[in-house]
$ cat work_3.csv   # CSV, C-alpha atoms
chain,number,residue,atom,x,y,z
A,314,GLU,CA,35.8,0.2,38.4
A,315,GLY,CA,34.1,2.6,40.7
A,316,VAL,CA,35.6,5.6,42.4
A,317,PRO,CA,36.7,4.8,46.0
A,318,ILE,CA,34.4,6.1,48.7
A,319,TYR,CA,36.0,7.0,52.1
A,320,SER,CA,33.9,7.1,55.3
A,321,VAL,CA,35.1,9.8,57.6
A,322,ARG,CA,33.9,10.3,61.2
A,323,ALA,CA,33.1,13.8,62.5
A,324,THR,CA,31.7,15.1,65.7
A,325,GLY,CA,29.5,18.1,66.7
A,326,ALA,CA,29.1,19.9,69.9
A,327,ILE,CA,25.9,21.7,68.9
A,328,THR,CA,23.5,22.8,71.6
A,329,ALA,CA,20.3,21.6,70.1
A,330,VAL,CA,17.0,23.5,70.6
A,331,ALA,CA,14.2,21.0,70.9
A,332,GLY,CA,12.0,20.9,67.8
A,333,ALA,CA,14.1,23.4,65.8
A,334,TRP,CA,16.9,23.2,63.3
A,335,THR,CA,20.2,24.2,64.9
A,336,ASN,CA,23.4,24.8,62.9
A,337,GLY,CA,27.0,24.0,64.0
A,338,ALA,CA,30.4,23.0,62.9
A,339,LEU,CA,31.6,19.6,62.0
A,340,VAL,CA,34.9,18.5,63.5
A,341,PHE,CA,36.6,15.7,61.4
A,342,ALA,CA,38.4,12.9,63.3
A,343,GLN,CA,41.2,13.1,60.7
A,344,THR,CA,42.7,15.7,58.6
A,345,LEU,CA,41.5,15.6,55.0
A,346,ALA,CA,44.1,15.7,52.2
A,347,VAL,CA,43.9,19.1,50.5
A,348,GLY,CA,41.4,18.9,47.6
A,349,VAL,CA,37.8,18.9,46.5
A,350,TYR,CA,35.4,16.3,47.9
A,351,GLN,CA,31.8,15.2,47.1
A,352,VAL,CA,29.6,13.9,49.9
A,353,VAL,CA,27.8,10.8,48.8
A,354,GLY,CA,26.4,9.6,52.0
A,355,MET,CA,25.8,10.5,55.7
A,356,ARG,CA,24.8,9.0,59.0
A,357,ALA,CA,23.9,11.2,62.1
A,358,THR,CA,23.5,10.1,65.7
A,359,GLY,CA,22.8,12.0,68.9
A,360,ALA,CA,20.9,11.4,72.2
A,361,THR,CA,17.7,12.9,70.8
A,362,MET,CA,18.5,13.2,67.1
A,363,ILE,CA,15.6,13.2,64.6
A,364,ALA,CA,17.4,14.3,61.4
A,365,ALA,CA,20.5,16.1,60.1
A,366,ARG,CA,21.3,18.1,56.9
A,367,LEU,CA,24.5,19.5,55.5
A,368,VAL,CA,24.9,23.2,54.6
A,369,PHE,CA,27.4,23.7,51.8
A,370,ARG,CA,28.8,27.2,51.2
A,371,GLY,CA,27.1,28.8,48.1
A,372,SER,CA,24.4,26.2,47.9
A,373,GLY,CA,20.7,26.7,48.8
A,374,LEU,CA,20.1,23.0,49.1
A,375,ARG,CA,20.4,21.2,52.4
A,376,PRO,CA,20.5,17.4,51.8
A,377,GLY,CA,20.6,15.2,54.8
A,378,CYS,CA,19.4,12.0,56.5
A,379,ILE,CA,17.2,10.6,59.2
A,380,GLY,CA,19.0,10.6,62.5
A,381,GLY,CA,19.2,8.1,65.3
A,382,ASP,CA,20.1,7.9,69.0
A,383,THR,CA,22.7,5.1,68.5
A,384,ASP,CA,24.9,3.6,65.8
A,385,LEU,CA,22.4,0.8,65.5
A,386,ASP,CA,19.8,3.2,64.0
A,387,ASP,CA,21.4,2.9,60.6
A,388,THR,CA,18.2,3.1,58.5
A,389,ASN,CA,19.5,0.1,56.6
A,390,GLY,CA,22.2,2.2,54.9
A,391,TYR,CA,19.7,4.1,52.7
A,392,PHE,CA,21.5,7.4,53.1
A,393,ARG,CA,25.0,5.9,52.7
A,394,LEU,CA,27.6,5.0,50.1
A,395,GLY,CA,26.1,6.9,47.1
A,396,ARG,CA,22.6,5.4,47.2
A,397,PHE,CA,21.1,9.0,47.1
A,398,GLY,CA,23.7,10.4,44.8
A,399,VAL,CA,25.8,13.5,45.5
A,400,TYR,CA,24.7,15.6,48.5
A,401,GLY,CA,27.2,18.4,47.6
A,402,GLU,CA,30.8,19.4,47.1
A,403,PHE,CA,33.3,21.2,49.2
A,404,HIS,CA,37.0,22.1,49.4
A,405,SER,CA,38.9,20.6,52.3
A,406,THR,CA,39.6,24.0,53.7
A,407,VAL,CA,35.8,25.0,53.7
A,408,PRO,CA,33.9,22.0,54.9
A,409,PRO,CA,30.1,22.1,55.2
A,410,THR,CA,28.3,22.8,58.5
A,411,VAL,CA,25.5,20.7,59.7
A,412,ASP,CA,21.9,21.5,60.8
A,413,ILE,CA,20.5,19.1,63.4
A,414,LEU,CA,16.9,18.5,64.5
A,415,CYS,CA,16.4,17.0,67.9
A,416,ASN,CA,13.3,16.3,70.1
A,417,ASP,CA,15.1,17.5,73.3
A,418,ALA,CA,18.3,19.1,74.5
A,419,ASP,CA,21.3,17.5,72.9
A,420,THR,CA,24.9,18.6,73.0
A,421,THR,CA,27.0,15.8,71.5
A,422,GLN,CA,26.6,14.4,68.0
A,423,GLU,CA,28.5,12.0,65.8
A,424,PHE,CA,28.4,11.8,62.0
A,425,ILE,CA,29.8,9.7,59.3
A,426,LEU,CA,30.3,11.3,55.9
A,427,ASP,CA,31.0,9.2,52.8
A,428,LEU,CA,33.4,11.1,50.6
A,429,VAL,CA,34.8,10.9,47.1
A,430,LYS,CA,37.9,12.9,46.3
A,431,VAL,CA,37.3,14.6,43.0
A,432,GLY,CA,40.1,17.2,42.8

$ encode --input "work_3.csv" --output "structure tokens"
Amino acid sequence: EGVPIYSVRATGAITAVAGAWTNGALVFAQTLAVGVYQVVGMRATGATMIAARLVFRGSGLRPGCIGGDTDLDDTNGYFRLGRFGVYGEFHSTVPPTVDILCNDADTTQEFILDLVKVG
């Protein structure tokens, strides 16, 4: 059968600049077991969130998703649970950071990352 996918909540306290990509740290709601993970989905919400993208150490790619202002803005799950393939890979001790794009000031964000443990 398929590899189990774990949905993990994370928050951000990034002071967004309206109309510009702003980078910041992800703070996971739970401690990840030591190992290597692939991100296979993402959801991003914030008061004025337009989009979010992940920044993996050593990768020039920045895959992401359309954002929303509430959990109800789920884009029908298009960016979740492996539908867009693997966004990137990270070790539990070096998680990705996140870029956010907002249309006004925003200082509190919430994310869900869908993870597969691969090592």

$ atom_distance --input "work_3.csv" --atom1 "CA of Phe369 (chain A)" --atom2 "CA of Met355 (chain A)"
13.9 Å

$ closest_residue --input "work_3.csv" --among "A:Tyr350, A:Tyr319, A:Phe424, A:Tyr391" --to "Arg366 (chain A)" --atoms "all atoms listed in the file"
A:Phe424

$ closest_residue --input "work_3.csv" --among "A:Arg393, A:Pro408, A:Ala331, A:Ala338" --to "Gly371 (chain A)" --atoms "all atoms listed in the file"
A:Pro408

$ residues_around --input "work_3.csv" --residues "Val399 (chain A)" --least-positions-apart "4" --cutoff "12 Å" --atoms "only C-alpha atoms" --output "PyMOL selection string"
chain A and resi 318+350-355+367+374-377+392-395+403+426-429+431

$ closest_residue --input "work_3.csv" --among "A:Thr361, A:Val349, A:Asp417, A:Glu423" --to "Gly401 (chain A)" --atoms "all atoms listed in the file"
A:Val349

$ atom_distance --input "work_3.csv" --atom1 "CA of Thr335 (chain A)" --atom2 "CA of Val407 (chain A)"
19.2 Å

$ atom_distance --input "work_3.csv" --atom1 "CA of Ile425 (chain A)" --atom2 "CA of Arg356 (chain A)"
5.1 Å

$ residues_near_point --input "work_3.csv" --point "(20.4, 16.7, 69.6)" --cutoff "12 Å" --atoms "all atoms listed in the file" --output "PyMOL selection string"
chain A and resi 325-337+357-365+380-383+411-423

$ build_atoms --input "work_3.csv" --residues "region 396-427 of chain A" --atoms "N, CA and C atoms" --output "PDB file, in the frame of the given file"
ATOM      1  N   ARG A 396      23.937   5.881  47.597  1.00  0.00           N
ATOM      2  CA  ARG A 396      22.600   5.400  47.200  1.00  0.00           C
ATOM      3  C   ARG A 396      21.649   6.606  46.899  1.00  0.00           C
ATOM      4  N   PHE A 397      21.906   7.807  47.448  1.00  0.00           N
ATOM      5  CA  PHE A 397      21.100   9.000  47.100  1.00  0.00           C
ATOM      6  C   PHE A 397      21.832   9.970  46.253  1.00  0.00           C
ATOM      7  N   GLY A 398      22.930   9.541  45.647  1.00  0.00           N
ATOM      8  CA  GLY A 398      23.700  10.400  44.800  1.00  0.00           C
ATOM      9  C   GLY A 398      24.590  11.369  45.533  1.00  0.00           C
ATOM     10  N   VAL A 399      24.920  12.485  44.908  1.00  0.00           N
ATOM     11  CA  VAL A 399      25.800  13.500  45.500  1.00  0.00           C
ATOM     12  C   VAL A 399      25.055  14.481  46.317  1.00  0.00           C
ATOM     13  N   TYR A 400      25.381  14.589  47.571  1.00  0.00           N
ATOM     14  CA  TYR A 400      24.700  15.600  48.500  1.00  0.00           C
ATOM     15  C   TYR A 400      25.240  16.982  48.152  1.00  0.00           C
ATOM     16  N   GLY A 401      26.543  17.086  47.897  1.00  0.00           N
ATOM     17  CA  GLY A 401      27.200  18.400  47.600  1.00  0.00           C
ATOM     18  C   GLY A 401      28.653  18.229  47.533  1.00  0.00           C
ATOM     19  N   GLU A 402      29.318  19.347  47.287  1.00  0.00           N
ATOM     20  CA  GLU A 402      30.800  19.400  47.100  1.00  0.00           C
ATOM     21  C   GLU A 402      31.402  20.458  47.904  1.00  0.00           C
ATOM     22  N   PHE A 403      32.615  20.195  48.405  1.00  0.00           N
ATOM     23  CA  PHE A 403      33.300  21.200  49.200  1.00  0.00           C
ATOM     24  C   PHE A 403      34.819  21.046  49.051  1.00  0.00           C
ATOM     25  N   HIS A 404      35.531  22.126  49.322  1.00  0.00           N
ATOM     26  CA  HIS A 404      37.000  22.100  49.400  1.00  0.00           C
ATOM     27  C   HIS A 404      37.381  21.748  50.807  1.00  0.00           C
ATOM     28  N   SER A 405      38.460  21.027  50.958  1.00  0.00           N
ATOM     29  CA  SER A 405      38.900  20.600  52.300  1.00  0.00           C
ATOM     30  C   SER A 405      39.089  21.718  53.278  1.00  0.00           C
ATOM     31  N   THR A 406      39.366  22.904  52.786  1.00  0.00           N
ATOM     32  CA  THR A 406      39.600  24.000  53.700  1.00  0.00           C
ATOM     33  C   THR A 406      38.254  24.740  54.054  1.00  0.00           C
ATOM     34  N   VAL A 407      37.145  24.370  53.398  1.00  0.00           N
ATOM     35  CA  VAL A 407      35.800  25.000  53.700  1.00  0.00           C
ATOM     36  C   VAL A 407      34.783  23.866  53.769  1.00  0.00           C
ATOM     37  N   PRO A 408      34.831  23.066  54.835  1.00  0.00           N
ATOM     38  CA  PRO A 408      33.900  22.000  54.900  1.00  0.00           C
ATOM     39  C   PRO A 408      32.460  22.489  55.197  1.00  0.00           C
ATOM     40  N   PRO A 409      31.466  21.653  54.917  1.00  0.00           N
ATOM     41  CA  PRO A 409      30.100  22.100  55.200  1.00  0.00           C
ATOM     42  C   PRO A 409      29.863  22.166  56.703  1.00  0.00           C
ATOM     43  N   THR A 410      28.822  22.888  57.083  1.00  0.00           N
ATOM     44  CA  THR A 410      28.300  22.800  58.500  1.00  0.00           C
ATOM     45  C   THR A 410      27.150  21.885  58.466  1.00  0.00           C
ATOM     46  N   VAL A 411      26.572  21.682  59.635  1.00  0.00           N
ATOM     47  CA  VAL A 411      25.500  20.700  59.700  1.00  0.00           C
ATOM     48  C   VAL A 411      24.327  21.356  60.551  1.00  0.00           C
ATOM     49  N   ASP A 412      23.112  21.142  60.068  1.00  0.00           N
ATOM     50  CA  ASP A 412      21.900  21.500  60.800  1.00  0.00           C
ATOM     51  C   ASP A 412      21.427  20.190  61.485  1.00  0.00           C
ATOM     52  N   ILE A 413      21.033  20.268  62.764  1.00  0.00           N
ATOM     53  CA  ILE A 413      20.500  19.100  63.400  1.00  0.00           C
ATOM     54  C   ILE A 413      19.063  19.423  63.917  1.00  0.00           C
ATOM     55  N   LEU A 414      18.227  18.415  63.945  1.00  0.00           N
ATOM     56  CA  LEU A 414      16.900  18.500  64.500  1.00  0.00           C
ATOM     57  C   LEU A 414      16.743  17.462  65.559  1.00  0.00           C
ATOM     58  N   CYS A 415      16.473  17.905  66.787  1.00  0.00           N
ATOM     59  CA  CYS A 415      16.400  17.000  67.900  1.00  0.00           C
ATOM     60  C   CYS A 415      15.046  17.199  68.641  1.00  0.00           C
ATOM     61  N   ASN A 416      14.595  16.178  69.369  1.00  0.00           N
ATOM     62  CA  ASN A 416      13.300  16.300  70.100  1.00  0.00           C
ATOM     63  C   ASN A 416      13.512  16.727  71.537  1.00  0.00           C
ATOM     64  N   ASP A 417      14.758  17.001  71.946  1.00  0.00           N
ATOM     65  CA  ASP A 417      15.100  17.500  73.300  1.00  0.00           C
ATOM     66  C   ASP A 417      16.468  18.053  73.278  1.00  0.00           C
ATOM     67  N   ALA A 418      16.915  18.567  74.391  1.00  0.00           N
ATOM     68  CA  ALA A 418      18.300  19.100  74.500  1.00  0.00           C
ATOM     69  C   ALA A 418      19.280  18.021  74.100  1.00  0.00           C
ATOM     70  N   ASP A 419      20.307  18.400  73.389  1.00  0.00           N
ATOM     71  CA  ASP A 419      21.300  17.500  72.900  1.00  0.00           C
ATOM     72  C   ASP A 419      22.572  18.273  72.654  1.00  0.00           C
ATOM     73  N   THR A 420      23.715  17.855  73.184  1.00  0.00           N
ATOM     74  CA  THR A 420      24.900  18.600  73.000  1.00  0.00           C
ATOM     75  C   THR A 420      26.100  17.872  72.411  1.00  0.00           C
ATOM     76  N   THR A 421      25.901  16.601  72.102  1.00  0.00           N
ATOM     77  CA  THR A 421      27.000  15.800  71.500  1.00  0.00           C
ATOM     78  C   THR A 421      26.439  14.979  70.376  1.00  0.00           C
ATOM     79  N   GLN A 422      27.042  15.144  69.201  1.00  0.00           N
ATOM     80  CA  GLN A 422      26.600  14.400  68.000  1.00  0.00           C
ATOM     81  C   GLN A 422      27.782  13.733  67.345  1.00  0.00           C
ATOM     82  N   GLU A 423      27.481  12.676  66.611  1.00  0.00           N
ATOM     83  CA  GLU A 423      28.500  12.000  65.800  1.00  0.00           C
ATOM     84  C   GLU A 423      27.943  11.773  64.408  1.00  0.00           C
ATOM     85  N   PHE A 424      28.819  11.946  63.430  1.00  0.00           N
ATOM     86  CA  PHE A 424      28.400  11.800  62.000  1.00  0.00           C
ATOM     87  C   PHE A 424      29.431  10.955  61.289  1.00  0.00           C
ATOM     88  N   ILE A 425      28.957  10.304  60.262  1.00  0.00           N
ATOM     89  CA  ILE A 425      29.800   9.700  59.300  1.00  0.00           C
ATOM     90  C   ILE A 425      29.482  10.256  57.939  1.00  0.00           C
ATOM     91  N   LEU A 426      30.482  10.793  57.262  1.00  0.00           N
ATOM     92  CA  LEU A 426      30.300  11.300  55.900  1.00  0.00           C
ATOM     93  C   LEU A 426      31.027  10.384  54.937  1.00  0.00           C
ATOM     94  N   ASP A 427      30.344   9.967  53.895  1.00  0.00           N
ATOM     95  CA  ASP A 427      31.000   9.200  52.800  1.00  0.00           C
ATOM     96  C   ASP A 427      31.439  10.147  51.769  1.00  0.00           C
TER      97      ASP A 427
END
